[in-house]
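Pasted below: upload.txt, compact mmCIF, C-alpha atoms and all ligand atoms.
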# COMPACT_ATOMS: atom_id res chain seq x y z
CA MET A 1 -41.04 -67.85 -23.71
CA ILE A 2 -37.87 -68.55 -25.64
CA ALA A 3 -36.26 -65.15 -25.04
CA ALA A 4 -36.75 -65.68 -21.31
CA ALA A 5 -34.76 -68.94 -21.23
CA PRO A 6 -31.67 -68.61 -19.03
CA MET A 7 -28.18 -68.74 -20.54
CA ILE A 8 -26.04 -71.60 -19.26
CA SER A 9 -22.29 -72.14 -19.57
CA VAL A 10 -20.64 -74.44 -22.09
CA ALA A 11 -19.63 -76.78 -19.26
CA GLU A 12 -23.20 -76.93 -17.95
CA ALA A 13 -24.50 -77.53 -21.45
CA ARG A 14 -22.04 -80.37 -22.02
CA ALA A 15 -22.95 -81.96 -18.69
CA ALA A 16 -26.65 -81.72 -19.50
CA LEU A 17 -26.15 -83.18 -22.97
CA LEU A 18 -24.13 -86.07 -21.65
CA GLN A 19 -26.97 -86.83 -19.21
CA LEU A 20 -29.13 -87.58 -22.25
CA VAL A 21 -27.02 -90.47 -23.53
CA THR A 22 -25.85 -93.85 -22.29
CA PRO A 23 -23.55 -96.31 -24.08
CA THR A 24 -25.11 -98.41 -26.81
CA GLU A 25 -25.41 -102.13 -26.38
CA ILE A 26 -22.61 -104.55 -27.20
CA GLU A 27 -22.44 -106.48 -30.46
CA THR A 28 -19.86 -108.84 -31.87
CA VAL A 29 -18.06 -108.12 -35.13
CA PRO A 30 -15.52 -110.16 -37.05
CA LEU A 31 -11.96 -109.04 -36.43
CA ALA A 32 -11.68 -107.76 -40.01
CA GLU A 33 -14.39 -105.19 -39.25
CA ALA A 34 -13.16 -104.14 -35.83
CA ALA A 35 -10.98 -101.19 -36.87
CA GLY A 36 -12.51 -97.89 -35.83
CA ARG A 37 -14.93 -99.61 -33.44
CA VAL A 38 -14.87 -99.30 -29.67
CA LEU A 39 -13.92 -102.43 -27.74
CA ALA A 40 -16.74 -102.83 -25.24
CA ARG A 41 -15.44 -105.56 -22.94
CA PRO A 42 -11.88 -106.46 -21.97
CA VAL A 43 -10.51 -109.30 -24.07
CA VAL A 44 -7.90 -111.80 -22.97
CA ALA A 45 -5.04 -113.35 -24.92
CA ARG A 46 -5.66 -117.04 -25.53
CA ARG A 47 -2.05 -117.92 -26.20
CA ASP A 48 1.53 -116.89 -25.64
CA GLN A 49 3.27 -114.94 -28.36
CA PRO A 50 5.62 -116.22 -29.51
CA PRO A 51 4.23 -119.62 -28.48
CA PHE A 52 7.80 -121.03 -28.20
CA ASP A 53 11.30 -119.62 -27.91
CA ALA A 54 11.79 -118.36 -31.46
CA SER A 55 14.81 -117.35 -33.45
CA ALA A 56 15.09 -113.62 -34.14
CA MET A 57 17.63 -114.16 -36.95
CA ASP A 58 18.74 -116.48 -39.71
CA GLY A 59 21.70 -118.49 -38.36
CA TYR A 60 22.58 -121.55 -36.30
CA ALA A 61 21.08 -122.68 -32.99
CA VAL A 62 23.68 -123.93 -30.51
CA ASN A 63 24.23 -124.29 -26.76
CA ALA A 64 25.17 -120.85 -25.38
CA ALA A 65 27.83 -122.36 -23.13
CA GLU A 66 29.77 -123.42 -26.21
CA VAL A 67 29.73 -120.05 -27.97
CA GLU A 68 33.25 -118.65 -28.32
CA HIS A 69 35.36 -117.24 -31.11
CA HIS A 70 36.62 -120.05 -33.49
CA ALA A 71 34.38 -122.72 -31.90
CA MET A 72 33.27 -125.44 -34.38
CA PHE A 73 29.91 -127.20 -34.60
CA LYS A 74 28.41 -129.93 -36.70
CA VAL A 75 25.12 -129.02 -38.43
CA ILE A 76 22.64 -131.84 -37.73
CA GLY A 77 19.37 -130.47 -39.12
CA GLU A 78 17.17 -127.49 -39.85
CA SER A 79 14.43 -125.49 -38.09
CA ALA A 80 12.37 -123.25 -40.36
CA ALA A 81 9.32 -121.08 -39.60
CA GLY A 82 6.40 -123.47 -39.43
CA HIS A 83 8.69 -126.51 -39.43
CA GLY A 84 10.67 -126.95 -36.23
CA TYR A 85 13.50 -129.42 -35.61
CA ALA A 86 12.19 -132.36 -33.63
CA GLY A 87 15.49 -133.56 -32.17
CA ARG A 88 17.84 -132.27 -29.53
CA VAL A 89 20.98 -130.20 -30.03
CA GLY A 90 23.86 -131.93 -28.24
CA ALA A 91 27.43 -130.90 -27.44
CA GLY A 92 29.31 -129.66 -30.50
CA GLN A 93 26.12 -129.63 -32.56
CA ALA A 94 24.20 -126.90 -34.36
CA VAL A 95 20.83 -126.67 -36.15
CA ARG A 96 20.39 -124.40 -39.15
CA ILE A 97 17.61 -121.99 -38.13
CA PHE A 98 15.57 -119.17 -39.66
CA THR A 99 13.68 -116.16 -38.29
CA GLY A 100 10.49 -117.17 -36.50
CA ALA A 101 11.46 -120.85 -36.24
CA PRO A 102 11.31 -122.69 -32.89
CA VAL A 103 14.66 -122.94 -31.09
CA PRO A 104 15.27 -126.68 -30.71
CA GLU A 105 15.71 -128.38 -27.38
CA GLY A 106 19.28 -128.14 -26.09
CA ALA A 107 19.95 -124.86 -27.92
CA SER A 108 20.00 -121.52 -26.11
CA HIS A 109 21.74 -119.22 -28.58
CA VAL A 110 21.45 -118.37 -32.26
CA VAL A 111 24.69 -117.45 -33.98
CA ILE A 112 23.82 -115.21 -36.92
CA GLN A 113 24.85 -116.56 -40.28
CA GLU A 114 27.05 -113.54 -41.04
CA ASP A 115 29.30 -114.56 -38.11
CA VAL A 116 29.87 -118.09 -39.38
CA THR A 117 31.96 -119.80 -42.04
CA ARG A 118 30.57 -123.07 -43.28
CA LYS A 119 32.23 -126.01 -45.02
CA GLY A 120 29.91 -128.91 -45.69
CA ASP A 121 28.33 -129.83 -42.33
CA LEU A 122 30.83 -127.88 -40.27
CA ILE A 123 30.54 -124.29 -39.12
CA THR A 124 33.14 -122.15 -37.39
CA LEU A 125 32.34 -119.00 -35.42
CA ALA A 126 34.32 -116.45 -37.38
CA SER A 127 33.60 -113.49 -35.03
CA PRO A 128 33.73 -113.04 -31.28
CA PRO A 129 30.22 -113.30 -29.72
CA ASP A 130 28.51 -109.98 -28.94
CA GLY A 131 26.31 -111.21 -26.12
CA ALA A 132 22.97 -111.20 -27.96
CA THR A 133 21.24 -114.59 -27.86
CA ASN A 134 19.05 -113.69 -30.87
CA ILE A 135 16.17 -115.57 -29.29
CA ARG A 136 12.70 -114.17 -28.68
CA PRO A 137 11.51 -115.86 -25.49
CA ARG A 138 8.14 -117.61 -25.34
CA GLY A 139 5.47 -115.09 -24.27
CA GLY A 140 7.87 -112.19 -24.79
CA ASP A 141 5.27 -110.20 -26.71
CA PHE A 142 2.26 -111.27 -24.64
CA ALA A 143 1.31 -114.21 -22.48
CA VAL A 144 -1.93 -116.16 -22.05
CA GLY A 145 -4.31 -114.07 -19.94
CA GLN A 146 -2.92 -110.68 -20.96
CA VAL A 147 -5.82 -108.22 -21.09
CA VAL A 148 -6.69 -105.56 -23.65
CA GLU A 149 -8.74 -103.14 -21.58
CA ALA A 150 -12.08 -101.62 -22.60
CA PRO A 151 -13.46 -99.23 -23.59
CA HIS A 152 -10.87 -98.61 -26.24
CA LEU A 153 -11.07 -97.25 -29.77
CA LEU A 154 -9.46 -99.91 -31.92
CA GLY A 155 -6.77 -98.71 -34.32
CA PRO A 156 -4.81 -100.76 -36.85
CA ALA A 157 -2.18 -101.87 -34.32
CA ASP A 158 -4.90 -102.99 -31.88
CA VAL A 159 -6.49 -105.08 -34.61
CA ALA A 160 -3.13 -106.72 -35.33
CA LEU A 161 -2.68 -107.43 -31.61
CA LEU A 162 -6.17 -108.97 -31.29
CA ALA A 163 -5.45 -111.10 -34.35
CA ALA A 164 -2.18 -112.34 -32.83
CA MET A 165 -4.12 -113.15 -29.65
CA ASN A 166 -6.47 -115.28 -31.77
CA ILE A 167 -9.53 -113.19 -31.01
CA ALA A 168 -11.61 -113.69 -34.15
CA ASP A 169 -14.82 -112.07 -32.87
CA VAL A 170 -14.62 -108.74 -31.13
CA PRO A 171 -17.19 -107.28 -28.69
CA VAL A 172 -17.81 -103.66 -29.63
CA HIS A 173 -20.40 -101.00 -28.91
CA ARG A 174 -23.05 -100.73 -31.62
CA ARG A 175 -22.44 -97.68 -33.76
CA PRO A 176 -24.79 -94.97 -32.50
CA VAL A 177 -27.37 -93.94 -35.08
CA VAL A 178 -27.61 -90.18 -35.54
CA ALA A 179 -30.34 -88.57 -37.65
CA LEU A 180 -29.60 -85.12 -39.07
CA MET A 181 -32.52 -82.88 -39.90
CA SER A 182 -31.89 -79.59 -41.67
CA THR A 183 -34.72 -77.09 -41.57
CA GLY A 184 -35.38 -74.07 -43.76
CA ASP A 185 -37.36 -72.95 -46.82
CA GLU A 186 -34.14 -71.60 -48.33
CA LEU A 187 -32.29 -74.93 -48.44
CA VAL A 188 -31.79 -77.28 -51.37
CA MET A 189 -29.55 -80.31 -51.72
CA PRO A 190 -26.11 -80.09 -53.37
CA GLY A 191 -26.47 -80.78 -57.09
CA GLU A 192 -29.96 -79.31 -57.24
CA THR A 193 -30.70 -75.97 -58.89
CA PRO A 194 -31.46 -73.42 -56.18
CA GLY A 195 -34.16 -70.80 -56.70
CA PRO A 196 -33.12 -67.14 -56.55
CA ASP A 197 -33.68 -66.97 -52.78
CA GLN A 198 -32.15 -70.31 -51.95
CA ILE A 199 -28.80 -71.70 -50.79
CA ILE A 200 -27.32 -75.17 -50.70
CA VAL A 201 -27.60 -77.11 -47.48
CA SER A 202 -24.08 -77.51 -46.08
CA ASN A 203 -24.34 -78.26 -42.38
CA THR A 204 -25.84 -81.67 -42.89
CA PHE A 205 -22.84 -82.78 -44.88
CA GLY A 206 -20.23 -81.23 -42.62
CA LEU A 207 -21.81 -82.75 -39.54
CA LYS A 208 -22.28 -86.11 -41.24
CA ALA A 209 -18.58 -86.22 -42.04
CA MET A 210 -17.65 -85.10 -38.53
CA LEU A 211 -19.84 -87.61 -36.70
CA GLU A 212 -18.99 -90.51 -38.98
CA ALA A 213 -15.32 -89.82 -38.35
CA HIS A 214 -16.10 -90.36 -34.67
CA GLY A 215 -17.89 -93.66 -35.22
CA ALA A 216 -21.56 -92.74 -35.69
CA GLU A 217 -23.89 -94.12 -38.34
CA VAL A 218 -25.51 -91.01 -39.79
CA ARG A 219 -28.88 -90.80 -41.50
CA VAL A 220 -29.70 -87.65 -43.42
CA LEU A 221 -33.39 -86.82 -43.20
CA PRO A 222 -35.22 -84.89 -45.91
CA ILE A 223 -34.97 -81.12 -45.45
CA ALA A 224 -37.88 -79.85 -43.36
CA ARG A 225 -39.57 -76.66 -44.47
CA ASP A 226 -40.40 -73.79 -42.13
CA THR A 227 -43.95 -74.92 -41.49
CA LYS A 228 -45.29 -76.82 -38.55
CA SER A 229 -46.67 -79.56 -40.76
CA SER A 230 -43.37 -80.10 -42.57
CA LEU A 231 -41.50 -80.18 -39.28
CA ARG A 232 -44.00 -82.59 -37.75
CA GLN A 233 -43.56 -84.85 -40.75
CA ALA A 234 -39.79 -84.71 -40.47
CA PHE A 235 -39.86 -85.54 -36.75
CA ASP A 236 -42.13 -88.50 -37.43
CA PHE A 237 -39.86 -89.62 -40.23
CA ALA A 238 -36.83 -89.60 -37.93
CA GLY A 239 -38.07 -92.63 -36.02
CA ASP A 240 -36.19 -93.92 -33.00
CA VAL A 241 -32.52 -93.12 -33.21
CA ASP A 242 -29.85 -92.72 -30.56
CA LEU A 243 -29.51 -89.04 -31.32
CA LEU A 244 -31.66 -86.69 -33.36
CA VAL A 245 -29.92 -83.50 -34.43
CA THR A 246 -31.95 -80.66 -35.87
CA ILE A 247 -30.20 -77.80 -37.62
CA GLY A 248 -31.58 -74.29 -37.86
CA GLY A 249 -34.92 -72.89 -36.86
CA ALA A 250 -33.82 -72.79 -33.24
CA SER A 251 -33.53 -69.04 -32.85
CA VAL A 252 -36.20 -66.52 -31.96
CA GLY A 253 -37.33 -65.54 -35.47
CA ASP A 254 -40.90 -65.84 -36.73
CA HIS A 255 -39.90 -68.86 -38.81
CA ASP A 256 -38.02 -70.65 -36.05
CA LEU A 257 -40.51 -73.33 -35.24
CA VAL A 258 -38.34 -76.28 -34.31
CA ALA A 259 -38.63 -75.87 -30.54
CA ALA A 260 -42.38 -75.27 -30.69
CA VAL A 261 -43.04 -78.33 -32.85
CA ALA A 262 -40.63 -80.55 -30.94
CA GLN A 263 -42.27 -79.60 -27.64
CA GLU A 264 -45.72 -80.13 -29.08
CA LEU A 265 -44.59 -83.63 -30.09
CA GLY A 266 -43.23 -84.38 -26.64
CA LEU A 267 -39.70 -82.99 -26.35
CA GLU A 268 -38.64 -82.72 -22.71
CA ARG A 269 -36.39 -79.72 -23.12
CA SER A 270 -33.38 -79.58 -20.86
CA PHE A 271 -32.00 -76.19 -21.88
CA TYR A 272 -32.12 -73.64 -24.58
CA LYS A 273 -29.36 -71.09 -24.69
CA VAL A 274 -25.65 -71.46 -24.14
CA ALA A 275 -23.31 -68.58 -23.31
CA MET A 276 -21.01 -69.17 -26.28
CA ARG A 277 -20.03 -67.68 -29.60
CA PRO A 278 -20.71 -68.99 -32.15
CA GLY A 279 -23.77 -70.98 -31.24
CA LYS A 280 -25.95 -69.28 -28.64
CA PRO A 281 -29.28 -70.84 -29.60
CA LEU A 282 -29.05 -74.50 -28.77
CA MET A 283 -31.59 -76.82 -27.27
CA ALA A 284 -31.65 -80.35 -26.09
CA GLY A 285 -33.77 -82.91 -24.37
CA ARG A 286 -35.38 -86.30 -24.73
CA PHE A 287 -37.54 -86.70 -27.77
CA ARG A 288 -39.52 -89.94 -27.72
CA ARG A 289 -36.83 -92.63 -27.47
CA SER A 290 -34.03 -90.42 -28.77
CA ALA A 291 -31.75 -87.82 -27.31
CA MET A 292 -32.27 -84.61 -29.23
CA VAL A 293 -30.04 -81.62 -29.86
CA GLY A 294 -31.09 -78.57 -31.82
CA LEU A 295 -28.13 -76.80 -33.38
CA PRO A 296 -28.10 -73.27 -34.72
CA GLY A 297 -28.32 -72.97 -38.50
CA ASN A 298 -25.37 -70.72 -39.16
CA PRO A 299 -22.83 -73.08 -40.69
CA VAL A 300 -19.89 -72.24 -38.44
CA SER A 301 -22.11 -72.33 -35.35
CA ALA A 302 -23.42 -75.73 -36.37
CA MET A 303 -19.93 -77.11 -36.96
CA VAL A 304 -18.44 -75.66 -33.78
CA CYS A 305 -21.38 -76.88 -31.69
CA GLY A 306 -21.01 -80.23 -33.45
CA ARG A 307 -17.40 -80.37 -32.36
CA ILE A 308 -17.95 -79.13 -28.80
CA PHE A 309 -21.19 -80.95 -28.00
CA VAL A 310 -22.34 -83.56 -30.50
CA VAL A 311 -19.01 -85.34 -30.95
CA SER A 312 -18.85 -85.74 -27.17
CA MET A 313 -22.33 -87.24 -27.16
CA VAL A 314 -21.32 -89.71 -29.86
CA ARG A 315 -18.26 -90.63 -27.84
CA ALA A 316 -20.38 -91.14 -24.72
CA LEU A 317 -22.77 -93.32 -26.75
CA LEU A 318 -19.74 -95.39 -27.70
CA GLY A 319 -18.70 -95.71 -24.07
CA LEU A 320 -15.69 -93.43 -24.53
CA SER A 321 -14.67 -90.43 -22.44
CA PRO A 322 -16.43 -87.39 -23.92
CA ASP A 323 -13.33 -85.32 -24.70
CA VAL A 324 -11.73 -85.88 -28.08
CA ASP A 325 -8.49 -84.31 -26.96
CA ALA A 326 -7.22 -82.14 -24.16
CA ILE A 327 -7.28 -78.39 -24.45
CA SER A 328 -3.80 -77.12 -25.38
CA GLN A 329 -2.04 -73.81 -24.77
CA ALA A 330 -0.19 -71.58 -27.21
CA PRO A 331 0.96 -67.98 -27.39
CA LEU A 332 -1.21 -65.44 -29.13
CA ALA A 333 0.22 -63.93 -32.32
CA ILE A 334 -1.72 -60.68 -31.97
CA ALA A 335 -3.49 -58.65 -29.28
CA LEU A 336 -7.12 -59.39 -28.41
CA SER A 337 -9.62 -57.12 -26.77
CA GLU A 338 -11.59 -58.07 -23.68
CA ASN A 339 -14.16 -60.82 -24.25
CA GLY A 340 -17.87 -60.36 -23.61
CA PRO A 341 -20.14 -62.53 -21.46
CA ARG A 342 -20.07 -65.55 -23.81
CA ALA A 343 -17.25 -68.05 -24.27
CA HIS A 344 -15.72 -67.33 -27.68
CA TYR A 345 -14.46 -70.10 -29.97
CA MET A 346 -12.31 -68.13 -32.40
CA ARG A 347 -11.27 -69.59 -35.72
CA ALA A 348 -7.50 -69.20 -35.90
CA PHE A 349 -4.38 -70.13 -37.84
CA TRP A 350 -0.74 -70.63 -36.89
CA SER A 351 1.44 -67.63 -37.50
CA GLY A 352 5.09 -67.41 -36.42
CA GLY A 353 4.72 -69.98 -33.62
CA GLY A 354 1.55 -68.38 -32.25
CA LEU A 355 -2.16 -68.52 -32.95
CA GLN A 356 -3.82 -65.71 -34.82
CA PRO A 357 -7.60 -65.38 -35.08
CA PHE A 358 -9.00 -64.63 -38.51
CA ASP A 359 -10.14 -61.03 -38.93
CA SER A 360 -13.72 -62.06 -39.51
CA GLN A 361 -15.32 -64.33 -36.95
CA ASP A 362 -18.78 -64.18 -38.53
CA SER A 363 -20.56 -67.47 -37.93
CA SER A 364 -21.67 -67.79 -41.55
CA LEU A 365 -18.16 -68.00 -43.05
CA LEU A 366 -17.44 -71.60 -44.01
CA SER A 367 -14.43 -70.54 -46.10
CA VAL A 368 -12.80 -69.23 -42.92
CA LEU A 369 -13.67 -72.36 -40.94
CA ALA A 370 -12.25 -74.55 -43.70
CA ARG A 371 -8.93 -72.69 -43.50
CA ALA A 372 -8.85 -72.59 -39.70
CA GLU A 373 -6.32 -74.80 -37.95
CA ALA A 374 -7.48 -74.21 -34.38
CA LEU A 375 -10.25 -72.80 -32.23
CA ILE A 376 -8.97 -70.35 -29.64
CA LEU A 377 -11.08 -70.70 -26.49
CA ARG A 378 -11.71 -67.44 -24.73
CA PRO A 379 -13.65 -67.75 -21.48
CA PRO A 380 -16.46 -65.34 -20.67
CA HIS A 381 -15.10 -61.91 -19.67
CA ALA A 382 -11.49 -62.88 -20.51
CA PRO A 383 -9.41 -59.71 -20.09
CA ALA A 384 -7.66 -58.08 -23.04
CA ALA A 385 -4.60 -60.08 -24.12
CA GLN A 386 -1.25 -59.12 -25.64
CA PRO A 387 0.83 -60.90 -28.30
CA GLY A 388 2.71 -63.71 -26.55
CA ASP A 389 0.05 -64.20 -23.86
CA THR A 390 -1.02 -67.83 -23.49
CA VAL A 391 -4.45 -68.90 -24.75
CA ASP A 392 -6.30 -72.19 -24.69
CA TYR A 393 -7.09 -73.84 -28.01
CA LEU A 394 -8.47 -76.95 -29.64
CA THR A 395 -6.93 -78.31 -32.82
CA LEU A 396 -9.32 -78.49 -35.75
P1 LIG B 1 -31.68 -70.42 -38.71
O1 LIG B 1 -31.02 -70.97 -37.48
O2 LIG B 1 -32.67 -71.37 -39.31
O3 LIG B 1 -32.24 -69.05 -38.48
O4 LIG B 1 -30.52 -70.26 -39.78
C1 LIG B 1 -29.48 -69.35 -39.59
C2 LIG B 1 -28.68 -69.22 -40.87
O5 LIG B 1 -28.09 -70.47 -41.18
C3 LIG B 1 -29.48 -68.85 -42.08
O6 LIG B 1 -28.69 -67.98 -42.87
C4 LIG B 1 -29.73 -70.15 -42.76
O7 LIG B 1 -29.92 -69.98 -44.15
C5 LIG B 1 -28.47 -70.90 -42.48
N1 LIG B 1 -28.69 -72.33 -42.43
C6 LIG B 1 -29.63 -72.97 -41.68
N2 LIG B 1 -29.55 -74.29 -41.84
C7 LIG B 1 -28.55 -74.50 -42.72
C8 LIG B 1 -27.98 -75.68 -43.30
N3 LIG B 1 -28.43 -76.90 -42.97
N4 LIG B 1 -26.94 -75.53 -44.16
C9 LIG B 1 -26.48 -74.29 -44.46
N5 LIG B 1 -26.97 -73.17 -43.95
C10 LIG B 1 -28.00 -73.25 -43.09
MG MG B 2 -34.03 -71.34 -40.69
Please go through the file and, once you have read it, give me the structure as structure tokens.
Amino acid sequence: MIAAAPMISVAEARAALLQLVTPTEIETVPLAEAAGRVLARPVVARRDQPPFDASAMDGYAVNAAEVEHHAMFKVIGESAAGHGYAGRVGAGQAVRIFTGAPVPEGASHVVIQEDVTRKGDLITLASPPDGATNIRPRGGDFAVGQVVEAPHLLGPADVALLAAMNIADVPVHRRPVVALMSTGDELVMPGETPGPDQIIVSNTFGLKAMLEAHGAEVRVLPIARDTKSSLRQAFDFAGDVDLLVTIGGASVGDHDLVAAVAQELGLERSFYKVAMRPGKPLMAGRFRRSAMVGLPGNPVSAMVCGRIFVVSMVRALLGLSPDVDAISQAPLAIALSENGPRAHYMRAFWSGGGLQPFDSQDSSLLSVLARAEALILRPPHAPAAQPGDTVDYLTL
């Protein structure tokens, strides 16, 4: 049954996976917790910034019409940040003013203090004016009604902007909950003592880090063993999540039971094999109230499929466009032979301004993946390529 499943392209697989997810609901978080979250609804500035014409410098506020070299003014008061000058600046008058303070009525220019000599209450403009008014106009940063559009991943500068707009509570998409289930009799947790035939589970941790970096809340399920009963237990334990990711057991070996058990428990499978390297065995569908993706167990396959497929699903759950970044182009550092029928995601490093694939592209080599700086994307049946030829790549 499994061997007969048709191979589909990476693009078809991505489209099918994205069909399985819709954006999570909207919740409100305090501004202090909004960084890294996805703004779910447009928000609107509630005030002008600055809320008044404000001084950009420390100096003296005067009437612009009176500003000329050697002009004299009488200082009649002070306007500091948080404490404006209530009166009016008349002819021949100046108000001592500081950065961020309101420009008093009657004033339309701030002479910077370096350009002034002062004796008692009298100042003289010691330099010719340079044309700058040194005033930040009301609403010059943003005005009431200015919109921050959604969806938008909020970075530190966005949080500062929302704060300045006086938006204390921020509507964001709920973080999608992703459950990660590793499967295999050979796997033990890091820190445990493996038996002679065992290895340490690694994919769970790599994928957890990857998906959390993209805004998911990740739950690590207990490792399922290669028996139907252990798998059934693990599936039941997963509960309802936005996305259930199984790792391993998705191939065609005698111990690869994930698809069989998932289908027995109600998985509506939407596809099974993708024409890509690494990562051919991959399944997906709806499982109870969750979207489900079954990743291959080989560590590099799992991480590459995580990057190509699962990250996009997390982004779609957050209401974002599925692509993390655009595909870039660079010259090849070495020659490559013709590609086979599967898209090849080659682990590569920068070498002399070009990208060079590592000699070994085996999908079990985490040490190579950890050193890789990019994935070269070779389409199915790409012809042989020479050094200097352009290839597509994704930055890792
Ligand atoms: P499988 O897809 O279960 O046949 O696994 C393929 C290979 O990946 C085997 O060598 C497994 O030992 C290894 N593998 C499977 N799952 C994991 C995991 N979670 N962490 C590290 N290696 C794994
Ligand atoms: Mg296995």
Test item: residues at most 7 Å from A:Leu355, all atoms listed in the file, excluding those fewer than 3 positions along its chain, as a list in words: Ala330, Pro331, Leu332, Ala333, Ala348, Phe349, Trp350 and Ser351 of chain A
How would you write, as a PyMOL selection string, the set of residues no farther than 12 Å from ligand MG 2 (chain B) when counting all atoms listed in the file? chain A and resi 181-187+198-199+201+223-227+231+246-258+294-299
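Considering the residues A:Asp121, A:Asp392, A:Glu33, A:Asp169 and counting all atoms listed in the file, A:Pro379 has its shortest atom-to-atom contact with A:Asp392.
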Near-stretch 48-59 of chain A list (8 Å; all atoms listed in the file; drop same-chain fewer than 2 positions) as a list in words: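 The neighbour list is Ala45, Arg46, Ala61, Arg96, Ile97, Phe98, Thr99, Gly100, Ala101, Pro102, Val103, Val110, Val111, Ile112, Gln113, Glu114, Asn134, Ile135, Arg136, Pro137, Arg138, Gly139, Gly140, Asp141, Phe142, Ala143, Val144, Ala164 and Met165 of chain A.
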Every residue with an atom at most 12 Å from (24.4, -112.6, -26.1) (file coordinates; all atoms listed in the file) is what I'm after, so could you write them as an mmCIF file with C-alpha atoms, in the coordinates of the input?
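Contents of result.cif, freshly written:
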data_model
loop_
_atom_site.group_PDB
_atom_site.id
_atom_site.type_symbol
_atom_site.label_atom_id
_atom_site.label_comp_id
_atom_site.auth_asym_id
_atom_site.auth_seq_id
_atom_site.Cartn_x
_atom_site.Cartn_y
_atom_site.Cartn_z
ATOM 1 C CA ASN A 63 24.230 -124.290 -26.760
ATOM 2 C CA ALA A 64 25.170 -120.850 -25.380
ATOM 3 C CA ALA A 65 27.830 -122.360 -23.130
ATOM 4 C CA VAL A 67 29.730 -120.050 -27.970
ATOM 5 C CA GLU A 68 33.250 -118.650 -28.320
ATOM 6 C CA SER A 108 20.000 -121.520 -26.110
ATOM 7 C CA HIS A 109 21.740 -119.220 -28.580
ATOM 8 C CA VAL A 110 21.450 -118.370 -32.260
ATOM 9 C CA VAL A 111 24.690 -117.450 -33.980
ATOM 10 C CA ILE A 112 23.820 -115.210 -36.920
ATOM 11 C CA PRO A 128 33.730 -113.040 -31.280
ATOM 12 C CA PRO A 129 30.220 -113.300 -29.720
ATOM 13 C CA ASP A 130 28.510 -109.980 -28.940
ATOM 14 C CA GLY A 131 26.310 -111.210 -26.120
ATOM 15 C CA ALA A 132 22.970 -111.200 -27.960
ATOM 16 C CA THR A 133 21.240 -114.590 -27.860
ATOM 17 C CA ASN A 134 19.050 -113.690 -30.870
ATOM 18 C CA ILE A 135 16.170 -115.570 -29.290
#
Name all residues at most 9 Å from A:Pro380 (count all atoms listed in the file; drop same-chain ones fewer than 5 positions away) and give them as a PyMOL selection string. chain A and resi 275-276+339-344
Excluding A:Ala150 and any residue of its chain fewer than 6 positions from it, enumerate the residues within 12 Å of it, using only C-alpha atoms, and give them as a count of residues only. 18
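For the pair atom CA of A:Arg315 and atom CA of A:Leu244, the separation is 15.0 Å.
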A:Met7, A:Leu396, A:Val220, A:Met72: which is nearest ligand LIG 1 (chain B), counting all atoms listed in the file? A:Val220
